[in-house]
$ cat entry-v4.pdb   # PDB, C-alpha atoms
MODEL        1
ATOM      1  CA  MET A 218     -31.813 -47.931  -7.556
ATOM      2  CA  LYS A 219     -29.529 -50.730  -6.490
ATOM      3  CA  VAL A 220     -26.541 -48.312  -6.511
ATOM      4  CA  MET A 221     -28.419 -45.864  -4.299
ATOM      5  CA  GLN A 222     -29.266 -48.594  -1.833
ATOM      6  CA  VAL A 223     -25.657 -49.677  -1.605
ATOM      7  CA  TRP A 224     -24.563 -46.050  -1.087
ATOM      8  CA  ARG A 225     -27.128 -45.469   1.678
ATOM      9  CA  ARG A 226     -26.155 -48.677   3.467
ATOM     10  CA  TRP A 227     -22.465 -47.795   3.206
ATOM     11  CA  TRP A 228     -23.056 -44.260   4.516
ATOM     12  CA  ARG A 229     -25.201 -45.553   7.395
ATOM     13  CA  GLU A 230     -22.504 -47.975   8.452
ATOM     14  CA  TRP A 231     -19.812 -45.289   8.361
ATOM     15  CA  SER A 232     -22.004 -42.810  10.213
ATOM     16  CA  LEU A 233     -22.483 -45.319  12.993
ATOM     17  CA  ASP A 234     -18.729 -45.688  13.324
ATOM     18  CA  ARG A 235     -17.489 -42.170  14.042
ATOM     19  CA  GLY A 236     -13.984 -43.419  14.584
ATOM     20  CA  ARG A 237     -13.666 -44.729  11.054
ATOM     21  CA  LEU A 238     -15.301 -41.609   9.634
ATOM     22  CA  GLY A 239     -12.891 -39.333  11.522
ATOM     23  CA  LEU A 240      -9.952 -41.474  10.418
ATOM     24  CA  ALA A 241     -11.074 -41.238   6.791
ATOM     25  CA  LEU A 242     -11.466 -37.453   6.982
ATOM     26  CA  ALA A 243      -8.058 -37.124   8.642
ATOM     27  CA  ALA A 244      -6.482 -39.195   5.880
ATOM     28  CA  LEU A 245      -8.233 -37.047   3.264
ATOM     29  CA  LEU A 246      -6.908 -33.826   4.845
ATOM     30  CA  LEU A 247      -3.364 -35.232   4.963
ATOM     31  CA  ALA A 248      -3.636 -36.318   1.333
ATOM     32  CA  ILE A 249      -4.715 -32.806   0.342
ATOM     33  CA  GLY A 250      -1.678 -31.475   2.204
ATOM     34  CA  PHE A 251       0.611 -33.253  -0.280
ATOM     35  CA  LEU A 252      -0.780 -30.916  -2.955
ATOM     36  CA  GLN A 253       0.737 -27.960  -1.037
ATOM     37  CA  PRO A 254      -2.425 -25.821  -1.118
ATOM     38  CA  ARG A 255      -2.272 -22.070  -0.445
ATOM     39  CA  LEU A 256      -4.786 -19.947   1.443
ATOM     40  CA  PRO A 257      -5.275 -16.263   0.498
ATOM     41  CA  TRP A 258      -5.840 -13.573   3.132
ATOM     42  CA  LYS A 259      -5.162  -9.905   3.755
ATOM     43  CA  ARG A 260      -2.274  -8.831   5.957
ATOM     44  CA  SER A 261      -0.987  -5.450   7.118
ATOM     45  CA  LEU A 262       2.518  -4.953   5.739
ATOM     46  CA  PHE A 263       4.873  -1.999   5.418
ATOM     47  CA  GLU A 264       6.879  -0.446   2.619
ATOM     48  CA  HIS A 265       9.281   2.329   3.628
ATOM     49  CA  VAL A 266      11.913   4.502   2.033
ATOM     50  CA  VAL A 267      14.224   5.515   4.884
ATOM     51  CA  VAL A 268      16.052   8.782   4.134
ATOM     52  CA  ILE A 269      19.083   9.382   6.363
ATOM     53  CA  ASP A 270      20.540  12.846   6.896
ATOM     54  CA  ILE A 271      24.318  12.584   6.354
ATOM     55  CA  THR A 272      25.116  16.308   6.705
ATOM     56  CA  GLN A 273      27.853  17.452   9.086
ATOM     57  CA  SER A 274      25.628  18.248  12.065
ATOM     58  CA  MET A 275      24.750  14.537  12.205
ATOM     59  CA  ASN A 276      28.363  13.952  13.311
ATOM     60  CA  VAL A 277      27.722  15.732  16.633
ATOM     61  CA  GLN A 278      28.385  13.227  19.420
ATOM     62  CA  ASP A 279      25.509  13.901  21.798
ATOM     63  CA  GLU A 280      23.997  10.403  21.905
ATOM     64  CA  LEU A 281      25.011   7.351  23.934
ATOM     65  CA  LEU A 282      25.466   3.707  22.957
ATOM     66  CA  ASP A 283      26.502   1.264  25.672
ATOM     67  CA  GLY A 284      27.368   4.248  27.849
ATOM     68  CA  LYS A 285      29.760   5.777  25.279
ATOM     69  CA  PRO A 286      29.215   9.012  23.289
ATOM     70  CA  VAL A 287      28.410   8.415  19.619
ATOM     71  CA  SER A 288      27.343  10.598  16.733
ATOM     72  CA  ARG A 289      23.718  11.179  15.866
ATOM     73  CA  LEU A 290      24.277   9.311  12.617
ATOM     74  CA  ALA A 291      25.759   6.268  14.376
ATOM     75  CA  PHE A 292      22.939   6.268  16.925
ATOM     76  CA  ALA A 293      20.274   6.419  14.203
ATOM     77  CA  LYS A 294      21.947   3.662  12.155
ATOM     78  CA  GLN A 295      22.150   1.349  15.169
ATOM     79  CA  ALA A 296      18.470   1.919  15.960
ATOM     80  CA  LEU A 297      17.517   1.205  12.333
ATOM     81  CA  HIS A 298      19.740  -1.909  12.332
ATOM     82  CA  LEU A 299      17.836  -3.342  15.302
ATOM     83  CA  ALA A 300      14.379  -2.145  14.251
ATOM     84  CA  LEU A 301      14.784  -3.832  10.872
ATOM     85  CA  GLN A 302      14.332  -7.285  12.396
ATOM     86  CA  ASP A 303      10.865  -6.401  13.737
ATOM     87  CA  LEU A 304       9.309  -5.614  10.364
ATOM     88  CA  PRO A 305       7.102  -8.574   9.348
ATOM     89  CA  CYS A 306       8.205 -10.713   6.427
ATOM     90  CA  GLY A 307       6.675  -9.448   3.209
ATOM     91  CA  SER A 308       7.379  -5.840   4.174
ATOM     92  CA  LYS A 309       9.804  -3.821   2.061
ATOM     93  CA  LEU A 310      12.449  -1.236   2.864
ATOM     94  CA  GLY A 311      14.907   0.873   0.900
ATOM     95  CA  TRP A 312      17.627   3.386   1.833
ATOM     96  CA  ALA A 313      18.157   6.948   0.675
ATOM     97  CA  ILE A 314      20.475   9.731   1.824
ATOM     98  CA  PHE A 315      19.994  13.484   2.210
ATOM     99  CA  THR A 316      22.579  16.237   1.887
ATOM    100  CA  GLU A 317      22.598  19.784   0.442
ATOM    101  CA  TYR A 318      18.960  20.210  -0.714
ATOM    102  CA  ARG A 319      18.328  16.825  -2.330
ATOM    103  CA  SER A 320      17.635  13.268  -1.339
ATOM    104  CA  TYR A 321      19.187  10.459  -3.339
ATOM    105  CA  LEU A 322      17.694   6.962  -3.504
ATOM    106  CA  LEU A 323      20.335   4.275  -2.981
ATOM    107  CA  PHE A 324      17.961   1.437  -3.886
ATOM    108  CA  ALA A 325      14.225   0.905  -4.077
ATOM    109  CA  PRO A 326      12.442  -1.001  -1.290
ATOM    110  CA  VAL A 327      13.146  -4.744  -1.164
ATOM    111  CA  GLU A 328      11.624  -7.523   0.917
ATOM    112  CA  VAL A 329      13.112  -7.356   4.423
ATOM    113  CA  CYS A 330      13.431 -11.025   5.388
ATOM    114  CA  ALA A 331      15.049 -12.264   2.175
ATOM    115  CA  ASN A 332      17.381  -9.237   2.027
ATOM    116  CA  ARG A 333      18.073  -8.484   5.698
ATOM    117  CA  ALA A 334      21.826  -9.099   5.420
ATOM    118  CA  GLU A 335      22.116  -6.846   2.378
ATOM    119  CA  LEU A 336      20.005  -4.128   4.006
ATOM    120  CA  ARG A 337      22.180  -4.127   7.108
ATOM    121  CA  ALA A 338      25.422  -4.181   5.136
ATOM    122  CA  SER A 339      24.358  -1.222   2.996
ATOM    123  CA  LEU A 340      23.142   0.654   6.078
ATOM    124  CA  ALA A 341      26.523   0.179   7.741
ATOM    125  CA  ALA A 342      28.236   1.729   4.702
ATOM    126  CA  ILE A 343      26.228   4.975   4.880
ATOM    127  CA  ASP A 344      28.265   7.833   6.346
ATOM    128  CA  GLY A 345      29.141  11.487   5.891
ATOM    129  CA  ARG A 346      31.785  10.747   3.258
ATOM    130  CA  MET A 347      28.938  10.194   0.803
ATOM    131  CA  ALA A 348      27.858  13.856   1.091
ATOM    132  CA  TRP A 349      28.475  16.025  -1.971
ATOM    133  CA  SER A 350      27.909  19.385  -0.246
ATOM    134  CA  GLY A 351      28.262  21.016   3.149
ATOM    135  CA  ASN A 352      24.799  22.594   3.066
ATOM    136  CA  SER A 353      21.833  21.118   4.933
ATOM    137  CA  GLU A 354      18.533  22.484   3.614
ATOM    138  CA  VAL A 355      16.189  20.187   5.481
ATOM    139  CA  ALA A 356      12.836  21.400   4.138
ATOM    140  CA  LYS A 357      14.043  21.019   0.554
ATOM    141  CA  GLY A 358      15.480  17.617   1.374
ATOM    142  CA  LEU A 359      12.135  16.503   2.773
ATOM    143  CA  HIS A 360      10.350  17.765  -0.347
ATOM    144  CA  SER A 361      12.895  15.940  -2.521
ATOM    145  CA  SER A 362      12.240  12.754  -0.530
ATOM    146  CA  ILE A 363       8.506  13.060  -1.108
ATOM    147  CA  VAL A 364       9.143  13.415  -4.839
ATOM    148  CA  VAL A 365      11.275  10.255  -4.734
ATOM    149  CA  ALA A 366       8.587   8.291  -2.856
ATOM    150  CA  LYS A 367       5.818   9.401  -5.249
ATOM    151  CA  ALA A 368       7.890   8.263  -8.232
ATOM    152  CA  LEU A 369       8.233   4.696  -6.886
ATOM    153  CA  PRO A 370       5.652   1.975  -7.640
ATOM    154  CA  GLY A 371       3.026   1.789  -4.929
ATOM    155  CA  THR A 372       4.150   5.082  -3.319
ATOM    156  CA  PRO A 373       5.961   3.736  -0.252
ATOM    157  CA  SER A 374       5.803   5.619   3.023
ATOM    158  CA  LEU A 375       8.665   7.936   3.960
ATOM    159  CA  VAL A 376      10.878   7.804   7.053
ATOM    160  CA  PHE A 377      13.019  10.955   7.196
ATOM    161  CA  VAL A 378      15.818  10.792   9.793
ATOM    162  CA  THR A 379      17.419  14.139  10.675
ATOM    163  CA  ASP A 380      18.340  16.573  13.438
ATOM    164  CA  GLY A 381      16.550  19.417  11.630
ATOM    165  CA  HIS A 382      19.609  21.702  11.456
ATOM    166  CA  GLU A 383      19.197  24.031   8.455
ATOM    167  CA  SER A 384      22.465  25.372   7.060
ATOM    168  CA  PRO A 385      22.370  28.125   5.938
ATOM    169  CA  PRO A 386      19.690  29.114   8.482
ATOM    170  CA  LEU A 387      16.140  30.065   7.535
ATOM    171  CA  ASN A 388      14.176  33.247   8.039
ATOM    172  CA  ALA A 389      10.473  32.746   8.807
ATOM    173  CA  ARG A 390       9.494  34.939   5.823
ATOM    174  CA  HIS A 391      12.113  33.455   3.531
ATOM    175  CA  ARG A 392      11.489  29.733   3.659
ATOM    176  CA  PRO A 393      10.740  27.648   0.571
ATOM    177  CA  ALA A 394       7.149  26.822  -0.295
ATOM    178  CA  PHE A 395       6.193  23.572  -2.026
ATOM    179  CA  ASP A 396       3.102  22.239  -3.748
ATOM    180  CA  ASP A 397       3.171  18.942  -1.844
ATOM    181  CA  LYS A 398      -0.299  17.900  -0.691
ATOM    182  CA  PRO A 399      -0.495  16.454   2.836
ATOM    183  CA  GLY A 400      -1.491  12.801   2.678
ATOM    184  CA  GLU A 401      -0.094  12.075  -0.786
ATOM    185  CA  VAL A 402       2.720  10.208   0.936
ATOM    186  CA  ALA A 403       2.435   8.726   4.436
ATOM    187  CA  GLY A 404       5.457   9.258   6.609
ATOM    188  CA  VAL A 405       7.216   9.997   9.857
ATOM    189  CA  ILE A 406      10.020  12.439  10.636
ATOM    190  CA  VAL A 407      12.507  10.949  13.090
ATOM    191  CA  GLY A 408      14.358  13.581  15.112
ATOM    192  CA  VAL A 409      17.865  12.682  16.317
ATOM    193  CA  GLY A 410      20.049  14.480  18.840
ATOM    194  CA  GLN A 411      19.819  16.398  22.091
ATOM    195  CA  ALA A 412      18.152  19.799  22.418
ATOM    196  CA  ARG A 413      21.256  21.383  23.943
ATOM    197  CA  PRO A 414      23.513  22.726  21.141
ATOM    198  CA  SER A 415      26.980  21.189  20.745
ATOM    199  CA  PRO A 416      29.985  21.984  18.496
ATOM    200  CA  ILE A 417      29.859  20.494  15.008
ATOM    201  CA  PRO A 418      32.903  18.330  14.154
ATOM    202  CA  LYS A 419      34.913  19.304  11.106
ATOM    203  CA  LEU A 420      36.067  16.316   9.038
ATOM    204  CA  ASP A 421      38.234  15.972   5.955
ATOM    205  CA  PRO A 422      36.949  14.134   2.827
ATOM    206  CA  LEU A 423      38.130  10.820   4.301
ATOM    207  CA  GLY A 424      36.248  11.371   7.542
ATOM    208  CA  ARG A 425      39.287  12.241   9.683
ATOM    209  CA  PRO A 426      38.691  14.835  12.439
ATOM    210  CA  LEU A 427      39.973  18.385  11.936
ATOM    211  CA  GLY A 428      38.534  19.984  15.059
ATOM    212  CA  PHE A 429      35.229  21.873  15.149
ATOM    213  CA  TRP A 430      33.556  24.483  12.986
ATOM    214  CA  GLY A 431      33.986  28.029  14.248
ATOM    215  CA  ALA A 432      31.488  30.882  14.229
ATOM    216  CA  ASP A 433      33.378  32.650  11.422
ATOM    217  CA  GLU A 434      33.295  29.520   9.225
ATOM    218  CA  VAL A 435      29.535  28.969   9.241
ATOM    219  CA  ALA A 436      26.742  31.103   7.758
ATOM    220  CA  GLN A 437      24.980  32.822  10.658
ATOM    221  CA  VAL A 438      22.225  34.603   8.672
ATOM    222  CA  ASP A 439      19.912  33.372   5.925
ATOM    223  CA  PRO A 440      20.995  34.259   2.343
ATOM    224  CA  ARG A 441      17.753  36.053   1.424
ATOM    225  CA  SER A 442      18.170  38.591   4.198
ATOM    226  CA  GLN A 443      21.580  39.426   2.738
ATOM    227  CA  GLY A 444      20.185  39.848  -0.769
ATOM    228  CA  ARG A 445      21.567  36.577  -2.123
ATOM    229  CA  GLY A 446      19.616  34.056  -4.154
ATOM    230  CA  ALA A 447      18.491  30.639  -3.035
ATOM    231  CA  SER A 448      20.105  27.341  -3.972
ATOM    232  CA  VAL A 449      17.374  26.665  -6.537
ATOM    233  CA  GLY A 450      16.544  29.147  -9.279
ATOM    234  CA  GLN A 451      13.078  30.772  -9.359
ATOM    235  CA  GLU A 452      12.252  29.227  -6.016
ATOM    236  CA  LEU A 453       8.907  30.188  -4.473
ATOM    237  CA  MET A 454       9.111  31.565  -0.932
ATOM    238  CA  VAL A 455       6.331  31.743   1.633
ATOM    239  CA  ASP A 456       6.310  35.554   1.639
ATOM    240  CA  GLU A 457       5.724  35.455  -2.129
ATOM    241  CA  GLY A 458       2.966  32.870  -1.964
ATOM    242  CA  GLY A 459       0.847  34.491   0.710
ATOM    243  CA  VAL A 460       1.392  31.676   3.236
ATOM    244  CA  ALA A 461       1.444  32.754   6.873
ATOM    245  CA  ASP A 462       4.822  33.222   8.484
ATOM    246  CA  ALA A 463       6.109  30.240  10.460
ATOM    247  CA  ALA A 464       7.682  30.349  13.892
ATOM    248  CA  GLY A 465       9.968  27.897  15.620
ATOM    249  CA  LEU A 466      12.455  27.316  12.794
ATOM    250  CA  GLY A 467      15.226  26.960  15.342
ATOM    251  CA  ALA A 468      17.629  29.457  13.751
ATOM    252  CA  THR A 469      20.191  30.828  16.221
ATOM    253  CA  PRO A 470      22.067  33.728  14.549
ATOM    254  CA  GLY A 471      25.562  33.952  15.969
ATOM    255  CA  SER A 472      25.466  30.331  17.194
ATOM    256  CA  GLU A 473      24.872  28.411  13.974
ATOM    257  CA  HIS A 474      28.223  26.660  14.425
ATOM    258  CA  LEU A 475      26.536  24.814  17.300
ATOM    259  CA  SER A 476      23.838  22.207  16.680
ATOM    260  CA  GLY A 477      20.982  20.786  18.711
ATOM    261  CA  LEU A 478      17.851  18.882  17.777
ATOM    262  CA  ARG A 479      15.436  21.375  16.156
ATOM    263  CA  GLU A 480      12.340  19.564  17.410
ATOM    264  CA  PRO A 481       9.791  22.422  17.057
ATOM    265  CA  TYR A 482      10.891  22.934  13.454
ATOM    266  CA  LEU A 483      10.628  19.225  12.632
ATOM    267  CA  ARG A 484       7.197  19.080  14.230
ATOM    268  CA  LEU A 485       6.184  22.015  12.020
ATOM    269  CA  LEU A 486       7.417  20.231   8.888
ATOM    270  CA  ALA A 487       5.633  17.039   9.963
ATOM    271  CA  GLN A 488       2.369  18.912  10.487
ATOM    272  CA  GLU A 489       2.607  20.702   7.138
ATOM    273  CA  ASN A 490       3.122  17.410   5.277
ATOM    274  CA  GLY A 491       0.670  15.235   7.209
ATOM    275  CA  PHE A 492       3.486  13.215   8.798
ATOM    276  CA  ALA A 493       3.974  11.925  12.316
ATOM    277  CA  PHE A 494       6.967  13.011  14.390
ATOM    278  CA  HIS A 495       9.084  10.617  16.435
ATOM    279  CA  LYS A 496      11.889  11.680  18.746
ATOM    280  CA  LEU A 497      14.491   8.921  18.591
ATOM    281  CA  ARG A 498      15.364   7.560  22.008
ATOM    282  CA  SER A 499      15.637   3.791  21.527
ATOM    283  CA  ALA A 500      15.554   1.097  18.879
ATOM    284  CA  ALA A 501      12.433  -0.424  20.448
ATOM    285  CA  ALA A 502      10.511   2.842  20.211
ATOM    286  CA  LEU A 503      11.688   3.385  16.633
ATOM    287  CA  SER A 504      10.607  -0.143  15.725
ATOM    288  CA  LYS A 505       7.133   0.615  17.054
ATOM    289  CA  ALA A 506       7.009   3.862  15.058
ATOM    290  CA  LEU A 507       7.980   2.025  11.862
ATOM    291  CA  ARG A 508       5.147  -0.445  12.469
ATOM    292  CA  ASP A 509       2.493   2.177  13.160
ATOM    293  CA  GLN A 510      -0.808   1.282  11.510
ATOM    294  CA  ALA A 511      -0.901   4.701   9.844
ATOM    295  CA  LEU A 512       2.050   3.539   7.719
ATOM    296  CA  SER A 513       0.702   0.062   6.977
ATOM    297  CA  ARG A 514      -1.162  -1.107   3.923
ATOM    298  CA  PRO A 515      -3.432  -4.144   3.507
ATOM    299  CA  VAL A 516      -1.787  -6.612   1.138
ATOM    300  CA  ARG A 517      -3.345  -9.787  -0.263
ATOM    301  CA  VAL A 518      -0.944 -12.640   0.439
ATOM    302  CA  SER A 519      -1.117 -16.433   0.302
ATOM    303  CA  GLY A 520       0.171 -18.781   2.952
ATOM    304  CA  ASP A 521       0.917 -22.488   3.267
ATOM    305  CA  ALA A 522      -2.276 -24.326   4.276
ATOM    306  CA  ARG A 523      -0.517 -27.592   5.209
ATOM    307  CA  VAL A 524      -0.114 -26.688   8.879
ATOM    308  CA  LEU A 525      -3.821 -25.933   9.156
ATOM    309  CA  LEU A 526      -4.744 -29.202   7.411
ATOM    310  CA  ALA A 527      -2.410 -31.193   9.663
ATOM    311  CA  ALA A 528      -3.898 -29.548  12.773
ATOM    312  CA  LEU A 529      -7.425 -30.399  11.637
ATOM    313  CA  ALA A 530      -6.412 -34.000  10.909
ATOM    314  CA  PHE A 531      -4.822 -34.309  14.350
ATOM    315  CA  GLY A 532      -7.995 -32.956  15.933
ATOM    316  CA  LEU A 533     -10.127 -35.515  14.087
ATOM    317  CA  LEU A 534      -7.877 -38.331  15.324
ATOM    318  CA  LEU A 535      -8.319 -37.125  18.903
ATOM    319  CA  VAL A 536     -12.113 -36.901  18.732
ATOM    320  CA  PRO A 537     -12.847 -40.632  19.454
ATOM    321  CA  TYR A 538     -10.518 -40.688  22.460
ATOM    322  CA  LEU A 539     -11.882 -37.438  23.864
ATOM    323  CA  THR A 540     -15.432 -38.672  23.331
ATOM    324  CA  ALA A 541     -14.698 -41.950  25.117
ATOM    325  CA  LEU A 542     -12.983 -40.078  27.975
ATOM    326  CA  TRP A 543     -15.951 -37.746  28.361
ATOM    327  CA  ALA A 544     -18.414 -40.679  28.307
ATOM    328  CA  ALA A 545     -16.409 -42.566  30.951
ATOM    329  CA  ARG A 546     -16.322 -39.558  33.263
ATOM    330  CA  ARG A 547     -20.034 -38.985  32.765
ATOM    331  CA  SER A 548     -20.757 -42.634  33.623
ATOM    332  CA  ARG A 549     -18.681 -42.371  36.822
ATOM    333  CA  ARG A 550     -20.518 -39.216  37.878
ATOM    334  CA  LEU A 551     -23.896 -40.864  37.260
ATOM    335  CA  ALA A 552     -22.853 -43.971  39.181
ATOM    336  CA  ALA A 553     -21.599 -41.882  42.082
ATOM    337  CA  ALA A 554     -24.825 -39.893  42.122
ATOM    338  CA  ALA A 555     -26.904 -43.097  42.096
ATOM    339  CA  GLY A 556     -24.845 -44.635  44.913
ATOM    340  CA  GLY A 557     -25.180 -41.495  47.039
TER
ENDMDL
END
$ encode --input "entry-v4.pdb" --output "structure tokens"
Amino acid sequence: MKVMQVWRRWWREWSLDRGRLGLALAALLLAIGFLQPRLPWKRSLFEHVVVIDITQSMNVQDELLDGKPVSRLAFAKQALHLALQDLPCGSKLGWAIFTEYRSYLLFAPVEVCANRAELRASLAAIDGRMAWSGNSEVAKGLHSSIVVAKALPGTPSLVFVTDGHESPPLNARHRPAFDDKPGEVAGVIVGVGQARPSPIPKLDPLGRPLGFWGADEVAQVDPRSQGRGASVGQELMVDEGGVADAAGLGATPGSEHLSGLREPYLRLLAQENGFAFHKLRSAAALSKALRDQALSRPVRVSGDARVLLAALAFGLLLVPYLTALWAARRSRRLAAAAGG
């Protein structure tokens, strides 16, 4: 009983002195801060595999950087370079390349803030010299990218950067059919280039210019129409699977040596796979597209609680002074009212 009486008397004395109580609580919060506590919460983060088309049509110089013509590939890389800094820390990103009919993962997604220098250095090294074939079968490349994303832990979202130029061209009844289910992988197709067709540069294996591709050097008609097989054996085509014919593939027989952005075709591919479509015009717009909530995922993270504890302690130290200031102002108002 005597202990309880002492405790009650002590608590009553401290309660009467709010200043000392606030000071004690502030000291307690600061002491807890030395333990470096962590607070868990959920945060929207991003995990992308960015697949970059490195086929020859991406060398067409129909984009501008600082007022100077640059290739589609250079324009896309610069936009990705700048957009990278806007992804929140904790997000992950990896690079992949597309050429022929396959996409090849360069490295799996890594945390963006701790590896920003490495991500930018590896991005700068990506160019057309890494291509192993002159073909550009975009639909198959997109399917290959989806397969890559599904095989990675956590199934990252897919960012597929391309101009949509199929080479050899496609026929609406002779386009490959896949068993991909829309929504299995979240993603966005980023279209690069101008709609107006331009000549495709011809480069040697070291990337040195050799002029432009001529009409007689490029396939102008799809292989199936000429009785030739596809690039993949026993490949299922839409006319064999009963799928409705597709329009807007962008094929231009007789002018396939020229290349423009095949936007309607890319929008079709995006719709079929449950993806968004983004027409690349600036790094800021691309950054926003990469941070779209449709591509985000809630992740449980833990953060440093010391700043919060310090702010609470500072607030407790200010309470007596703010209380005294409020009381003084209230007394002056009452005195003024009484004198009036």
$ closest_residue --input "entry-v4.pdb" --among "A:Leu427, A:Ala293, A:Val407, A:Leu310" --to "Pro373 of chain A" --atoms "all atoms listed in the file"
A:Leu310
$ residues_around --input "entry-v4.pdb" --residues "Leu483 of chain A" --least-positions-apart "4" --cutoff "9 Å" --atoms "only C-alpha atoms" --output "PyMOL selection string"
chain A and resi 379-381+406-408+466+478-479+487-488+494
$ closest_residue --input "entry-v4.pdb" --among "A:Ala356, A:Val524, A:Ile417, A:Val536" --to "Phe251 of chain A" --atoms "only C-alpha atoms"
A:Val524
$ residues_near_point --input "entry-v4.pdb" --point "(4.7, 12.8, 8.6)" --cutoff "10 Å" --atoms "only C-alpha atoms" --output "list in words"
Ser374, Leu375, Val376, Phe377, Pro399, Gly400, Val402, Ala403, Gly404, Val405, Ile406, Val407, Leu483, Arg484, Leu485, Leu486, Ala487, Gln488, Glu489, Asn490, Gly491, Phe492, Ala493, Phe494, His495, Ala511 and Leu512 of chain A
$ residues_around --input "entry-v4.pdb" --residues "Gln437 of chain A" --least-positions-apart "2" --cutoff "12 Å" --atoms "only C-alpha atoms" --output "PyMOL selection string"
chain A and resi 383-388+431-435+439-440+442-443+468-475
$ residues_around --input "entry-v4.pdb" --residues "segment 286-289 of chain A" --least-positions-apart "2" --cutoff "6 Å" --atoms "only C-alpha atoms" --output "MDAnalysis selection string"
chainID A and resid 275:278 280:281 291:292 410
$ atom_distance --input "entry-v4.pdb" --atom1 "atom CA of Val329 of chain A" --atom2 "atom CA of Cys306 of chain A"
6.3 Å
$ closest_residue --input "entry-v4.pdb" --among "A:Trp543, A:Asp279, A:Phe531, A:Ala300" --to "Leu247 of chain A" --atoms "all atoms listed in the file"
A:Phe531
$ resolve_selection --input "entry-v4.pdb" --expression "the PyMOL selection byres ((chain A and resi 477) around 6)" --output "PDB file with C-alpha atoms, in the coordinates of the input"
ATOM      1  CA  GLN A 411      19.819  16.398  22.091  1.00  0.00           C
ATOM      2  CA  ALA A 412      18.152  19.799  22.418  1.00  0.00           C
ATOM      3  CA  ARG A 413      21.256  21.383  23.943  1.00  0.00           C
ATOM      4  CA  PRO A 414      23.513  22.726  21.141  1.00  0.00           C
ATOM      5  CA  SER A 476      23.838  22.207  16.680  1.00  0.00           C
ATOM      6  CA  LEU A 478      17.851  18.882  17.777  1.00  0.00           C
TER       7      LEU A 478
END
$ axis_aligned_box --input "entry-v4.pdb" --around "segment 504-511 of chain A" --padding-each-side "3 Å" --output "JSON"
{"center_x": 4.9, "center_y": 2.1, "center_z": 13.4, "size_x": 17.5, "size_y": 11.1, "size_z": 13.2}
$ resolve_selection --input "entry-v4.pdb" --expression "the PyMOL selection byres ((chain A and resi 317) around 12)" --output "PyMOL selection string"
chain A and resi 270-273+314-316+318-321+345+347-359+361+382-385+448-449
$ atom_distance --input "entry-v4.pdb" --atom1 "atom CA of Gly311 of chain A" --atom2 "atom CA of Glu328 of chain A"
9.0 Å
$ resolve_selection --input "entry-v4.pdb" --expression "the PyMOL selection byres ((chain A and resi 371) around 12)" --output "ChimeraX atom specification"
/A:263-266,309,325-326,365-370,372-374,401-403,514,516
$ closest_residue --input "entry-v4.pdb" --among "A:Arg498, A:Arg550, A:His360, A:Arg337" --to "Asp397 of chain A" --atoms "only C-alpha atoms"
A:His360
$ atom_distance --input "entry-v4.pdb" --atom1 "atom CA of Asp509 of chain A" --atom2 "atom CA of Ala522 of chain A"
28.4 Å
